[in-house]
Amino acid sequence: MTATRDRDTYDLLVDGESVPAAAAERFETVDPATGEPIAAVARARAEDIDRAVGAASAALADWRATPPEERGRLMAAVAERIRDEQERLALLETRDNGKPLSHARADVETCARYFEYYGGVADKVHGDSIPLTDEYVDYTVREPLGVTAQIIPWNLPTNLFGRSVAPALATGNVAVVKPAEQTPLTAVEVGRLATEVGVPDGVLNVVPGFGAEAGAPLAGHADVDGVSFTGSVPTGIEVATSAVENVTNVHLELGGKSPNVVYPDTHLDTAVESTMTGIFANAGQVCSAGSRLIVHEDIKAEFLDELVSRVEAMEIDAGETDPDMGPLVSAEQFEKVTDYLAVGRAEAGEPVVGGSALDRDGYFVEPTVFDGVDNDMRIAREEIFGPVLSVIEFSTEAEATELANDTDYGLVAGIHTQDVGRAHRFARDVEAGQVYVNEWFAGGEETPFGGVKKSGFGREKGLAAVDAYTELKNVCANISPN
Ligand code: NAD
């Protein structure tokens, strides 16, 4: 492998080589804490996508034929290498994305854990045998899709790289990864580390670039057999539409406006902490953020008092200082969130805490809580993707569940209560892909994740991703003696 990257220049990773884009163009990625450029990144276009898909196609047969335990060992080696480089990758992620350093460290560990977990799964992808009459033997085999594309957003770049890529490789697929243009650096680095530990050339390719220039030709490429898309609803619809033109398998992990229902019998301290994690982690730029607090009238005042005093104590600073919250990812996201702060003021009045941008360089806004929100308001219906919590009051269990479900989205839902029966009634009745009881973001790499309604279809994480990245073949043999 030839390394053509210097400290601030990142190339594509194609067929195990670091190469510039065919047109030799680059784009800049900036540090959201300062707005200053930090790296010049190769800008892939259709020609580069062709090259990467071609390299992946050429590598497919050998990778597919590689004994599963050997694939598993390689994946475990990737995990170890990522862990060895945790501090460097975390710092890079923080500079590229803005998130607090300890969050970036956790994301790097999560990425390593995905490679470890799916490395362990690689030799346990079984089919079934199906009992028919005595004349037949019938069994199923799980086969890789082939060339897969992973299109990744900017909010959890390293974490989602592991989530999308590790199950693909473990199950015998090859991959072409298109990281987000705002945060491409760690994807290139992790791809290089995988190549260094022995993942064969062409099995994992990384093509940074813009959505229309690199993402669209990848999603619509005739030689791509499976697309994993994580991002916004409008882009997801475009991606699925172009994938379907080629009858390509696609799954969509999209946005959310997730309800966090709090009952008076909750443990107040735990529920406030969980609520804050749910909406302020990663400055609210999380698909599964708990952005609608649906709180019982009997506990609302006490709950908000506690919440506001803790929010006022939050430290907001550049991610490298490891504060409670860093900046938003980009100037565009800053504009979007500050526009929503104005919308919130017009709809619900002054926020009970926060509500402004910070008077400093970079893309900082205050953690913000709007009380008195009606579920029909825009700040209750639209995904803000920032640290903005909308508080909605309820009085009965039926009303809470109705409010929770009164949304176009269905990614996650949470409940805080000590009443086990009520928690499970909510879990049964709520329209969401996963339900958190008494802890926002409960679960891990092992637990299936994905949405219903406008939040998408298909599942990642856990063993569900094995199904997503494989196709079932049925074999039926007539074994009659003639
Ligand atoms: P986005 O849809 O704008 O971009 C996501 C990715 O798609 C980027 O890599 C982008 O370059 C690419 N892209 C853009 N246009 C494209 C096109 N026409 N064809 C192919 N690719 C294209 O989303 P974003 O703003 O980067 O991310 C935020 C969104 O992602 C939010 O809605 C959030 O909820 C969602 N998200 C979902 C999950 C999940 O697991 N459900 C996780 C993280 C983020």
# chains A, B, ... in the order shown; residues from 1 in each chain; ligands from 1
call {"tool": "residues_around", "arguments": {"residues": "Ala79 of chain A", "least_positions_apart": "3", "cutoff": "9 Å", "atoms": "only C-alpha atoms", "output": "number ranges by chain"}}
result
A: 74-76, 82-84, 109, 111-116, 119, 194
call {"tool": "write_last_selection", "arguments": {"atoms": "all heavy atoms", "output": "compact mmCIF listing (two decimals), in the first residue's frame"}}
result
# COMPACT_ATOMS: atom_id res chain seq x y z
N LEU A 74 -9.74 -11.63 11.33
CA LEU A 74 -9.35 -10.33 10.77
C LEU A 74 -10.16 -9.20 11.38
O LEU A 74 -9.65 -8.12 11.67
CB LEU A 74 -9.54 -10.34 9.25
CG LEU A 74 -8.35 -10.79 8.43
CD1 LEU A 74 -8.73 -10.94 6.97
CD2 LEU A 74 -7.19 -9.77 8.57
N MET A 75 -11.45 -9.46 11.55
CA MET A 75 -12.31 -8.44 12.15
C MET A 75 -11.85 -8.14 13.58
O MET A 75 -11.83 -6.99 14.01
CB MET A 75 -13.76 -8.93 12.20
CG MET A 75 -14.29 -9.44 10.90
SD MET A 75 -14.86 -8.18 9.81
CE MET A 75 -16.17 -7.52 10.74
N ALA A 76 -11.48 -9.19 14.31
CA ALA A 76 -11.00 -8.99 15.68
C ALA A 76 -9.70 -8.18 15.66
O ALA A 76 -9.46 -7.32 16.53
CB ALA A 76 -10.78 -10.34 16.37
N ILE A 82 -8.03 -0.60 16.14
CA ILE A 82 -8.80 0.62 16.44
C ILE A 82 -8.57 1.01 17.90
O ILE A 82 -8.35 2.17 18.23
CB ILE A 82 -10.30 0.41 16.14
CG1 ILE A 82 -10.52 0.26 14.63
CG2 ILE A 82 -11.14 1.56 16.69
CD1 ILE A 82 -11.92 -0.20 14.24
N ARG A 83 -8.60 0.00 18.78
CA ARG A 83 -8.40 0.30 20.21
C ARG A 83 -7.00 0.87 20.46
O ARG A 83 -6.83 1.79 21.25
CB ARG A 83 -8.62 -0.95 21.05
CG ARG A 83 -10.07 -1.33 21.15
CD ARG A 83 -10.33 -2.37 22.23
NE ARG A 83 -11.76 -2.56 22.38
CZ ARG A 83 -12.41 -3.67 22.06
NH1 ARG A 83 -11.76 -4.72 21.61
NH2 ARG A 83 -13.71 -3.75 22.21
N ASP A 84 -6.01 0.30 19.75
CA ASP A 84 -4.64 0.82 19.91
C ASP A 84 -4.58 2.30 19.55
O ASP A 84 -3.76 3.04 20.07
CB ASP A 84 -3.66 0.07 18.97
CG ASP A 84 -3.39 -1.34 19.44
OD1 ASP A 84 -3.73 -1.65 20.60
OD2 ASP A 84 -2.85 -2.13 18.64
N GLU A 109 -14.51 3.36 20.73
CA GLU A 109 -14.64 2.05 21.37
C GLU A 109 -15.83 1.30 20.80
O GLU A 109 -15.77 0.08 20.55
CB GLU A 109 -14.76 2.22 22.90
CG GLU A 109 -15.19 0.97 23.67
CD GLU A 109 -14.35 -0.29 23.39
OE1 GLU A 109 -13.17 -0.18 23.02
OE2 GLU A 109 -14.93 -1.41 23.53
N CYS A 111 -17.02 1.54 17.81
CA CYS A 111 -16.62 1.05 16.49
C CYS A 111 -15.79 -0.23 16.63
O CYS A 111 -16.04 -1.23 15.95
CB CYS A 111 -15.82 2.15 15.78
SG CYS A 111 -15.26 1.68 14.13
N ALA A 112 -14.83 -0.20 17.56
CA ALA A 112 -14.01 -1.40 17.80
C ALA A 112 -14.90 -2.57 18.22
O ALA A 112 -14.75 -3.70 17.76
CB ALA A 112 -12.97 -1.12 18.88
N ARG A 113 -15.84 -2.27 19.08
CA ARG A 113 -16.73 -3.32 19.60
C ARG A 113 -17.57 -3.95 18.48
O ARG A 113 -17.83 -5.16 18.48
CB ARG A 113 -17.61 -2.70 20.70
CG ARG A 113 -18.67 -3.59 21.25
CD ARG A 113 -18.13 -4.69 22.16
NE ARG A 113 -19.21 -5.58 22.53
CZ ARG A 113 -19.21 -6.91 22.36
NH1 ARG A 113 -18.16 -7.52 21.89
NH2 ARG A 113 -20.26 -7.63 22.71
N TYR A 114 -18.01 -3.12 17.50
CA TYR A 114 -18.76 -3.69 16.37
C TYR A 114 -17.88 -4.67 15.60
O TYR A 114 -18.33 -5.75 15.22
CB TYR A 114 -19.25 -2.59 15.42
CG TYR A 114 -20.51 -1.90 15.88
CD1 TYR A 114 -20.54 -0.53 16.09
CD2 TYR A 114 -21.67 -2.63 16.10
CE1 TYR A 114 -21.70 0.11 16.51
CE2 TYR A 114 -22.84 -2.01 16.53
CZ TYR A 114 -22.85 -0.64 16.73
OH TYR A 114 -23.99 -0.02 17.15
N PHE A 115 -16.62 -4.32 15.38
CA PHE A 115 -15.74 -5.25 14.66
C PHE A 115 -15.52 -6.52 15.48
O PHE A 115 -15.50 -7.64 14.94
CB PHE A 115 -14.42 -4.57 14.28
CG PHE A 115 -14.54 -3.76 13.02
CD1 PHE A 115 -14.87 -2.41 13.07
CD2 PHE A 115 -14.37 -4.35 11.77
CE1 PHE A 115 -15.02 -1.66 11.90
CE2 PHE A 115 -14.52 -3.62 10.60
CZ PHE A 115 -14.84 -2.27 10.66
N GLU A 116 -15.38 -6.35 16.80
CA GLU A 116 -15.20 -7.51 17.67
C GLU A 116 -16.45 -8.40 17.68
O GLU A 116 -16.37 -9.62 17.51
CB GLU A 116 -14.92 -6.98 19.08
CG GLU A 116 -14.68 -8.00 20.15
CD GLU A 116 -14.38 -7.27 21.44
OE1 GLU A 116 -15.30 -6.63 22.01
OE2 GLU A 116 -13.24 -7.32 21.91
N GLY A 119 -17.00 -9.97 14.32
CA GLY A 119 -15.93 -10.95 14.12
C GLY A 119 -16.31 -12.27 14.78
O GLY A 119 -16.10 -13.36 14.21
N ALA A 194 -7.74 -0.99 8.82
CA ALA A 194 -8.22 -2.33 8.43
C ALA A 194 -7.31 -2.92 7.37
O ALA A 194 -6.96 -4.11 7.41
CB ALA A 194 -9.66 -2.23 7.93
call {"tool": "residues_near_ligand", "arguments": {"ligand": "ligand 1", "cutoff": "8 Å", "atoms": "only C-alpha atoms and all ligand atoms", "output": "mmCIF file with C-alpha atoms, in the first residue's frame"}}
result
data_model
loop_
_atom_site.group_PDB
_atom_site.id
_atom_site.type_symbol
_atom_site.label_atom_id
_atom_site.label_comp_id
_atom_site.auth_asym_id
_atom_site.auth_seq_id
_atom_site.Cartn_x
_atom_site.Cartn_y
_atom_site.Cartn_z
ATOM 1 C CA ILE A 151 -23.730 5.946 3.220
ATOM 2 C CA ILE A 152 -23.066 7.535 6.587
ATOM 3 C CA PRO A 153 -24.099 10.839 8.243
ATOM 4 C CA TRP A 154 -21.922 13.265 10.205
ATOM 5 C CA ASN A 155 -23.278 12.926 13.710
ATOM 6 C CA LEU A 156 -21.605 9.663 14.814
ATOM 7 C CA LEU A 160 -21.801 4.363 12.439
ATOM 8 C CA LYS A 178 -19.283 7.116 1.609
ATOM 9 C CA PRO A 179 -18.752 9.143 4.793
ATOM 10 C CA ALA A 180 -20.453 12.516 5.239
ATOM 11 C CA GLU A 181 -18.678 15.492 3.681
ATOM 12 C CA GLN A 182 -18.676 17.285 7.058
ATOM 13 C CA GLY A 209 -17.324 13.282 -1.152
ATOM 14 C CA PHE A 210 -20.610 15.125 -1.386
ATOM 15 C CA GLY A 211 -24.065 13.586 -1.498
ATOM 16 C CA ALA A 212 -25.009 14.454 -5.066
ATOM 17 C CA GLU A 213 -21.526 13.833 -6.479
ATOM 18 C CA ALA A 214 -20.496 10.647 -4.652
ATOM 19 C CA GLY A 215 -23.472 9.363 -2.641
ATOM 20 C CA ALA A 216 -25.971 9.392 -5.510
ATOM 21 C CA PRO A 217 -23.773 7.507 -8.032
ATOM 22 C CA LEU A 218 -22.981 4.961 -5.323
ATOM 23 C CA ALA A 219 -26.616 4.392 -4.295
ATOM 24 C CA PHE A 229 -28.259 4.381 4.241
ATOM 25 C CA THR A 230 -28.221 6.368 7.477
ATOM 26 C CA GLY A 231 -29.339 9.978 7.231
ATOM 27 C CA SER A 232 -32.318 12.240 6.680
ATOM 28 C CA VAL A 233 -35.753 11.274 5.372
ATOM 29 C CA PRO A 234 -35.613 13.203 2.055
ATOM 30 C CA THR A 235 -32.182 11.795 1.167
ATOM 31 C CA GLY A 236 -33.289 8.325 2.251
ATOM 32 C CA GLU A 238 -33.858 9.533 -2.994
ATOM 33 C CA VAL A 239 -31.409 6.765 -2.157
ATOM 34 C CA LEU A 252 -32.937 3.048 5.662
ATOM 35 C CA GLU A 253 -31.986 4.350 9.116
ATOM 36 C CA LEU A 254 -33.584 7.795 9.218
ATOM 37 C CA GLY A 255 -34.584 10.491 11.660
ATOM 38 C CA GLY A 256 -36.764 10.744 14.722
ATOM 39 C CA GLN A 285 -27.453 15.658 16.989
ATOM 40 C CA VAL A 286 -28.586 12.088 17.508
ATOM 41 C CA CYS A 287 -31.279 10.317 15.483
ATOM 42 C CA SER A 288 -32.550 8.654 18.652
ATOM 43 C CA GLU A 383 -36.560 16.955 13.777
ATOM 44 C CA PHE A 385 -31.244 17.772 15.400
ATOM 45 C CA LEU A 411 -37.342 5.395 15.819
ATOM 46 C CA PHE A 449 -31.894 -0.866 16.041
ATOM 47 C CA GLY A 450 -34.039 0.750 13.361
ATOM 48 C CA GLY A 451 -37.283 2.559 12.801
ATOM 49 C CA SER A 455 -37.818 6.577 10.610
ATOM 50 C CA GLY A 456 -37.057 3.924 8.021
#
call {"tool": "closest_atom_pairs", "arguments": {"of": "segment 140-202 of chain A", "to": "segment 88-104 of chain A", "cutoff": "10 Å", "atoms": "only C-alpha atoms", "output": "CSV"}}
result
residue,atom,partner,partner_atom,distance
A:Trp154,CA,A:Asn97,CA,7.2
A:Asn155,CA,A:Asn97,CA,7.2
A:Leu156,CA,A:Asn97,CA,8.3
A:Pro157,CA,A:Glu93,CA,7.8
A:Thr158,CA,A:Glu93,CA,7.6
A:Asn159,CA,A:Ala104,CA,9.0
A:Gln182,CA,A:Asp96,CA,7.4
A:Thr183,CA,A:Asp96,CA,5.5
A:Pro184,CA,A:Asp96,CA,7.9
A:Leu185,CA,A:Asp96,CA,7.1
A:Thr186,CA,A:Glu93,CA,6.3
A:Ala187,CA,A:Glu93,CA,9.7
A:Glu189,CA,A:Leu89,CA,7.8
A:Val190,CA,A:Leu89,CA,8.4
call {"tool": "write_last_selection", "arguments": {"atoms": "N, CA and C atoms", "output": "tab-separated table (two decimals), in the first residue's frame"}}
result
chain	number	residue	atom	x	y	z
A	154	TRP	N	-23.04	12.61	9.51
A	154	TRP	CA	-21.92	13.27	10.20
A	154	TRP	C	-22.01	13.23	11.72
A	155	ASN	N	-23.11	12.74	12.26
A	155	ASN	CA	-23.28	12.93	13.71
A	155	ASN	C	-22.49	11.93	14.55
A	156	LEU	N	-22.36	10.69	14.07
A	156	LEU	CA	-21.61	9.66	14.81
A	156	LEU	C	-20.71	8.94	13.81
A	157	PRO	N	-19.76	9.62	13.22
A	157	PRO	CA	-19.05	9.05	12.06
A	157	PRO	C	-18.34	7.73	12.35
A	158	THR	N	-17.59	7.65	13.42
A	158	THR	CA	-16.83	6.42	13.69
A	158	THR	C	-17.75	5.29	14.15
A	159	ASN	N	-18.64	5.63	15.03
A	159	ASN	CA	-19.61	4.67	15.55
A	159	ASN	C	-20.41	4.04	14.40
A	182	GLN	N	-19.06	16.46	5.90
A	182	GLN	CA	-18.68	17.29	7.06
A	182	GLN	C	-17.64	16.58	7.93
A	183	THR	N	-17.63	15.24	7.92
A	183	THR	CA	-16.81	14.48	8.88
A	183	THR	C	-16.20	13.22	8.25
A	184	PRO	N	-15.35	13.39	7.25
A	184	PRO	CA	-14.87	12.18	6.54
A	184	PRO	C	-13.62	11.54	7.14
A	185	LEU	N	-12.97	12.20	8.12
A	185	LEU	CA	-11.58	11.83	8.44
A	185	LEU	C	-11.43	10.46	9.09
A	186	THR	N	-12.27	10.16	10.10
A	186	THR	CA	-12.05	8.89	10.80
A	186	THR	C	-12.41	7.69	9.91
A	187	ALA	N	-13.33	7.88	8.97
A	187	ALA	CA	-13.65	6.75	8.07
A	187	ALA	C	-12.42	6.37	7.24
A	189	GLU	N	-9.34	6.94	8.08
A	189	GLU	CA	-8.34	6.36	9.00
A	189	GLU	C	-8.67	4.91	9.35
A	190	VAL	N	-9.92	4.64	9.68
A	190	VAL	CA	-10.28	3.27	10.08
A	190	VAL	C	-10.14	2.33	8.88
call {"tool": "residues_around", "arguments": {"residues": "His251 of chain A", "least_positions_apart": "6", "cutoff": "8 Å", "atoms": "only C-alpha atoms", "output": "ChimeraX atom specification"}}
result
/A:227-229,240,456-459,468
call {"tool": "residues_around", "arguments": {"residues": "segment 15-30 of chain A", "least_positions_apart": "6", "cutoff": "6 Å", "atoms": "only C-alpha atoms", "output": "PyMOL selection string"}}
result
chain A and resi 1-3+36-44+55+182+201-202
call {"tool": "atom_distance", "arguments": {"atom1": "atom CA of Met276 of chain A", "atom2": "atom CA of Glu297 of chain A"}}
result
19.2 Å
call {"tool": "select_by_dssp", "arguments": {"residues": "segment 356-476 of chain A", "states": "alpha helix (DSSP H)", "output": "VMD selection string"}}
result
chain A and resid 378 to 381 397 to 405 420 to 429 464 to 468
call {"tool": "write_last_selection", "arguments": {"atoms": "N, CA and C atoms", "output": "CSV table (one decimal), in the first residue's frame"}}
result
chain,number,residue,atom,x,y,z
A,378,ARG,N,-44.5,23.1,15.4
A,378,ARG,CA,-43.4,22.6,14.6
A,378,ARG,C,-42.3,22.1,15.4
A,379,ILE,N,-42.0,22.7,16.6
A,379,ILE,CA,-40.9,22.2,17.4
A,379,ILE,C,-41.2,20.9,18.1
A,380,ALA,N,-42.5,20.5,18.0
A,380,ALA,CA,-42.8,19.1,18.5
A,380,ALA,C,-42.9,18.1,17.3
A,381,ARG,N,-43.0,18.6,16.1
A,381,ARG,CA,-43.2,17.7,15.0
A,381,ARG,C,-41.9,17.5,14.1
A,397,GLU,N,-52.7,8.0,31.3
A,397,GLU,CA,-51.8,7.0,30.5
A,397,GLU,C,-52.2,7.0,29.0
A,398,ALA,N,-53.5,7.0,28.8
A,398,ALA,CA,-53.9,6.9,27.4
A,398,ALA,C,-53.5,8.1,26.6
A,399,GLU,N,-53.5,9.3,27.3
A,399,GLU,CA,-53.1,10.5,26.6
A,399,GLU,C,-51.6,10.5,26.3
A,400,ALA,N,-50.8,10.0,27.3
A,400,ALA,CA,-49.4,9.9,27.1
A,400,ALA,C,-49.0,9.1,25.9
A,401,THR,N,-49.6,7.9,25.8
A,401,THR,CA,-49.3,7.0,24.6
A,401,THR,C,-49.8,7.6,23.3
A,402,GLU,N,-50.9,8.3,23.4
A,402,GLU,CA,-51.4,8.9,22.2
A,402,GLU,C,-50.5,10.0,21.7
A,403,LEU,N,-50.0,10.8,22.6
A,403,LEU,CA,-49.1,11.9,22.3
A,403,LEU,C,-47.8,11.3,21.7
A,404,ALA,N,-47.3,10.2,22.4
A,404,ALA,CA,-46.1,9.6,22.0
A,404,ALA,C,-46.2,9.1,20.5
A,405,ASN,N,-47.4,8.6,20.2
A,405,ASN,CA,-47.5,8.1,18.8
A,405,ASN,C,-48.0,9.1,17.8
A,420,VAL,N,-44.0,-1.5,36.6
A,420,VAL,CA,-43.6,-2.4,35.6
A,420,VAL,C,-44.7,-2.7,34.5
A,421,GLY,N,-45.9,-2.8,35.0
A,421,GLY,CA,-47.0,-3.1,34.1
A,421,GLY,C,-47.2,-1.9,33.1
A,422,ARG,N,-47.2,-0.7,33.6
A,422,ARG,CA,-47.3,0.5,32.8
A,422,ARG,C,-46.2,0.6,31.7
A,423,ALA,N,-45.0,0.3,32.2
A,423,ALA,CA,-43.8,0.3,31.3
A,423,ALA,C,-44.1,-0.7,30.1
A,424,HIS,N,-44.5,-1.9,30.4
A,424,HIS,CA,-44.7,-2.9,29.4
A,424,HIS,C,-46.0,-2.6,28.5
A,425,ARG,N,-47.0,-2.0,29.1
A,425,ARG,CA,-48.1,-1.5,28.3
A,425,ARG,C,-47.6,-0.5,27.3
A,426,PHE,N,-46.8,0.4,27.7
A,426,PHE,CA,-46.3,1.4,26.8
A,426,PHE,C,-45.4,0.8,25.7
A,427,ALA,N,-44.6,-0.2,26.1
A,427,ALA,CA,-43.7,-0.8,25.2
A,427,ALA,C,-44.5,-1.6,24.1
A,428,ARG,N,-45.7,-2.1,24.5
A,428,ARG,CA,-46.6,-2.8,23.6
A,428,ARG,C,-47.2,-1.8,22.6
A,429,ASP,N,-47.7,-0.7,23.2
A,429,ASP,CA,-48.5,0.2,22.4
A,429,ASP,C,-47.8,1.3,21.6
A,464,ALA,N,-29.6,-9.0,14.1
A,464,ALA,CA,-30.5,-8.6,13.0
A,464,ALA,C,-29.8,-8.1,11.8
A,465,ALA,N,-28.6,-7.5,12.0
A,465,ALA,CA,-27.8,-7.0,10.9
A,465,ALA,C,-27.3,-8.2,10.0
A,466,VAL,N,-27.1,-9.3,10.6
A,466,VAL,CA,-26.7,-10.5,9.8
A,466,VAL,C,-27.8,-10.8,8.7
A,467,ASP,N,-29.1,-10.7,9.2
A,467,ASP,CA,-30.2,-10.9,8.2
A,467,ASP,C,-30.2,-9.8,7.2
A,468,ALA,N,-29.9,-8.6,7.6
A,468,ALA,CA,-29.9,-7.5,6.7
A,468,ALA,C,-28.9,-7.6,5.6
call {"tool": "atom_distance", "arguments": {"atom1": "atom CA of Gly319 of chain A", "atom2": "atom CA of Pro32 of chain A"}}
result
9.2 Å
call {"tool": "closest_residue", "arguments": {"among": "A:Asp225, A:Asp31, A:Asp48, A:Glu85", "to": "Asp11 of chain A", "atoms": "only C-alpha atoms"}}
result
A:Asp48
call {"tool": "residues_around", "arguments": {"residues": "Asn205 of chain A", "least_positions_apart": "4", "cutoff": "9 Å", "atoms": "only C-alpha atoms", "output": "ChimeraX atom specification"}}
result
/A:12-16,52-53,55-56,174-178,188,191,201
call {"tool": "write_last_selection", "arguments": {"atoms": "N, CA, C and O atoms", "output": "mmCIF file, in the first residue's frame"}}
result
data_model
loop_
_atom_site.group_PDB
_atom_site.id
_atom_site.type_symbol
_atom_site.label_atom_id
_atom_site.label_comp_id
_atom_site.auth_asym_id
_atom_site.auth_seq_id
_atom_site.Cartn_x
_atom_site.Cartn_y
_atom_site.Cartn_z
ATOM 1 N N LEU A 12 -8.701 9.078 -1.031
ATOM 2 C CA LEU A 12 -9.654 7.977 -1.075
ATOM 3 C C LEU A 12 -8.903 6.699 -0.692
ATOM 4 O O LEU A 12 -7.682 6.622 -0.855
ATOM 5 N N LEU A 13 -9.619 5.714 -0.238
ATOM 6 C CA LEU A 13 -9.034 4.382 -0.062
ATOM 7 C C LEU A 13 -9.727 3.455 -1.057
ATOM 8 O O LEU A 13 -10.921 3.144 -0.908
ATOM 9 N N VAL A 14 -8.982 3.081 -2.096
ATOM 10 C CA VAL A 14 -9.554 2.241 -3.147
ATOM 11 C C VAL A 14 -8.591 1.100 -3.430
ATOM 12 O O VAL A 14 -7.405 1.342 -3.694
ATOM 13 N N ASP A 15 -9.092 -0.121 -3.330
ATOM 14 C CA ASP A 15 -8.284 -1.302 -3.607
ATOM 15 C C ASP A 15 -7.015 -1.334 -2.747
ATOM 16 O O ASP A 15 -5.935 -1.694 -3.226
ATOM 17 N N GLY A 16 -7.147 -0.921 -1.503
ATOM 18 C CA GLY A 16 -6.022 -0.963 -0.570
ATOM 19 C C GLY A 16 -5.031 0.163 -0.728
ATOM 20 O O GLY A 16 -4.034 0.220 -0.007
ATOM 21 N N ALA A 52 -14.063 2.401 -7.228
ATOM 22 C CA ALA A 52 -14.176 1.720 -5.936
ATOM 23 C C ALA A 52 -15.106 0.507 -6.039
ATOM 24 O O ALA A 52 -14.813 -0.567 -5.487
ATOM 25 N N VAL A 53 -16.217 0.675 -6.757
ATOM 26 C CA VAL A 53 -17.150 -0.454 -6.913
ATOM 27 C C VAL A 53 -16.474 -1.565 -7.723
ATOM 28 O O VAL A 53 -16.626 -2.759 -7.422
ATOM 29 N N ALA A 55 -13.237 -2.217 -7.770
ATOM 30 C CA ALA A 55 -12.272 -2.880 -6.880
ATOM 31 C C ALA A 55 -12.992 -3.829 -5.929
ATOM 32 O O ALA A 55 -12.535 -4.955 -5.673
ATOM 33 N N ALA A 56 -14.132 -3.381 -5.422
ATOM 34 C CA ALA A 56 -14.901 -4.223 -4.498
ATOM 35 C C ALA A 56 -15.397 -5.476 -5.231
ATOM 36 O O ALA A 56 -15.274 -6.598 -4.705
ATOM 37 N N VAL A 174 -18.399 -7.297 0.440
ATOM 38 C CA VAL A 174 -17.367 -6.271 0.320
ATOM 39 C C VAL A 174 -18.057 -4.917 0.404
ATOM 40 O O VAL A 174 -19.280 -4.831 0.237
ATOM 41 N N ALA A 175 -17.285 -3.849 0.692
ATOM 42 C CA ALA A 175 -17.938 -2.588 1.053
ATOM 43 C C ALA A 175 -17.306 -1.383 0.366
ATOM 44 O O ALA A 175 -16.090 -1.321 0.174
ATOM 45 N N VAL A 176 -18.172 -0.437 0.022
ATOM 46 C CA VAL A 176 -17.736 0.892 -0.429
ATOM 47 C C VAL A 176 -18.442 1.904 0.471
ATOM 48 O O VAL A 176 -19.679 1.983 0.482
ATOM 49 N N VAL A 177 -17.667 2.642 1.247
ATOM 50 C CA VAL A 177 -18.229 3.520 2.271
ATOM 51 C C VAL A 177 -18.135 4.971 1.832
ATOM 52 O O VAL A 177 -17.060 5.445 1.459
ATOM 53 N N LYS A 178 -19.276 5.680 1.919
ATOM 54 C CA LYS A 178 -19.283 7.116 1.609
ATOM 55 C C LYS A 178 -19.582 7.858 2.908
ATOM 56 O O LYS A 178 -20.726 7.968 3.339
ATOM 57 N N VAL A 188 -11.720 7.392 6.741
ATOM 58 C CA VAL A 188 -10.509 7.115 5.962
ATOM 59 C C VAL A 188 -9.475 6.432 6.859
ATOM 60 O O VAL A 188 -8.845 5.436 6.472
ATOM 61 N N GLY A 191 -10.493 2.812 7.707
ATOM 62 C CA GLY A 191 -10.292 2.001 6.496
ATOM 63 C C GLY A 191 -8.829 1.646 6.310
ATOM 64 O O GLY A 191 -8.481 0.504 5.995
ATOM 65 N N ASP A 201 -7.069 -6.107 -0.100
ATOM 66 C CA ASP A 201 -7.316 -4.952 -0.975
ATOM 67 C C ASP A 201 -8.670 -5.095 -1.665
ATOM 68 O O ASP A 201 -9.013 -6.180 -2.160
#
call {"tool": "select_by_dssp", "arguments": {"residues": "segment 62-257 of chain A", "states": "strand (DSSP E or B)", "output": "ChimeraX atom specification"}}
result
/A:129,136-144,147-151,174-178,204-206,226-230,249-253
call {"tool": "residues_around", "arguments": {"residues": "Gly290 of chain A", "least_positions_apart": "5", "cutoff": "8 Å", "atoms": "only C-alpha atoms", "output": "JSON, numbers by chain"}}
result
{"A": [257, 258, 259, 260, 275, 278, 279, 389, 413, 414, 440]}
call {"tool": "residues_around", "arguments": {"residues": "Pro481 of chain A", "least_positions_apart": "4", "cutoff": "12 Å", "atoms": "only C-alpha atoms", "output": "list in words"}}
result
Asp134, Glu135, Tyr136 and Ala477 of chain A
call {"tool": "write_last_selection", "arguments": {"atoms": "all heavy atoms", "output": "short mmCIF file (atom, residue, chain, number, x, y, z; two decimals), in the first residue's frame"}}
result
data_model
loop_
_atom_site.label_atom_id
_atom_site.label_comp_id
_atom_site.auth_asym_id
_atom_site.auth_seq_id
_atom_site.Cartn_x
_atom_site.Cartn_y
_atom_site.Cartn_z
N ASP A 134 -40.63 -37.55 3.70
CA ASP A 134 -39.39 -38.33 3.67
C ASP A 134 -38.66 -38.29 2.33
O ASP A 134 -37.49 -38.65 2.24
CB ASP A 134 -39.68 -39.81 4.02
CG ASP A 134 -39.73 -40.01 5.51
OD1 ASP A 134 -39.50 -39.00 6.23
OD2 ASP A 134 -40.04 -41.13 5.96
N GLU A 135 -39.36 -37.86 1.27
CA GLU A 135 -38.70 -37.82 -0.05
C GLU A 135 -37.73 -36.65 -0.19
O GLU A 135 -36.99 -36.58 -1.16
CB GLU A 135 -39.76 -37.64 -1.16
CG GLU A 135 -40.71 -38.78 -1.31
CD GLU A 135 -41.95 -38.29 -2.04
OE1 GLU A 135 -42.78 -37.62 -1.40
OE2 GLU A 135 -42.05 -38.57 -3.25
N TYR A 136 -37.79 -35.70 0.74
CA TYR A 136 -37.03 -34.45 0.55
C TYR A 136 -36.09 -34.14 1.70
O TYR A 136 -36.36 -34.44 2.86
CB TYR A 136 -38.00 -33.27 0.41
CG TYR A 136 -38.91 -33.38 -0.78
CD1 TYR A 136 -40.23 -33.79 -0.60
CD2 TYR A 136 -38.45 -33.08 -2.06
CE1 TYR A 136 -41.09 -33.91 -1.69
CE2 TYR A 136 -39.30 -33.19 -3.15
CZ TYR A 136 -40.61 -33.60 -2.97
OH TYR A 136 -41.44 -33.72 -4.04
N ALA A 477 -33.99 -30.93 -2.00
CA ALA A 477 -33.51 -32.06 -2.79
C ALA A 477 -34.48 -33.23 -2.65
O ALA A 477 -34.88 -33.59 -1.54
CB ALA A 477 -32.12 -32.48 -2.29
#
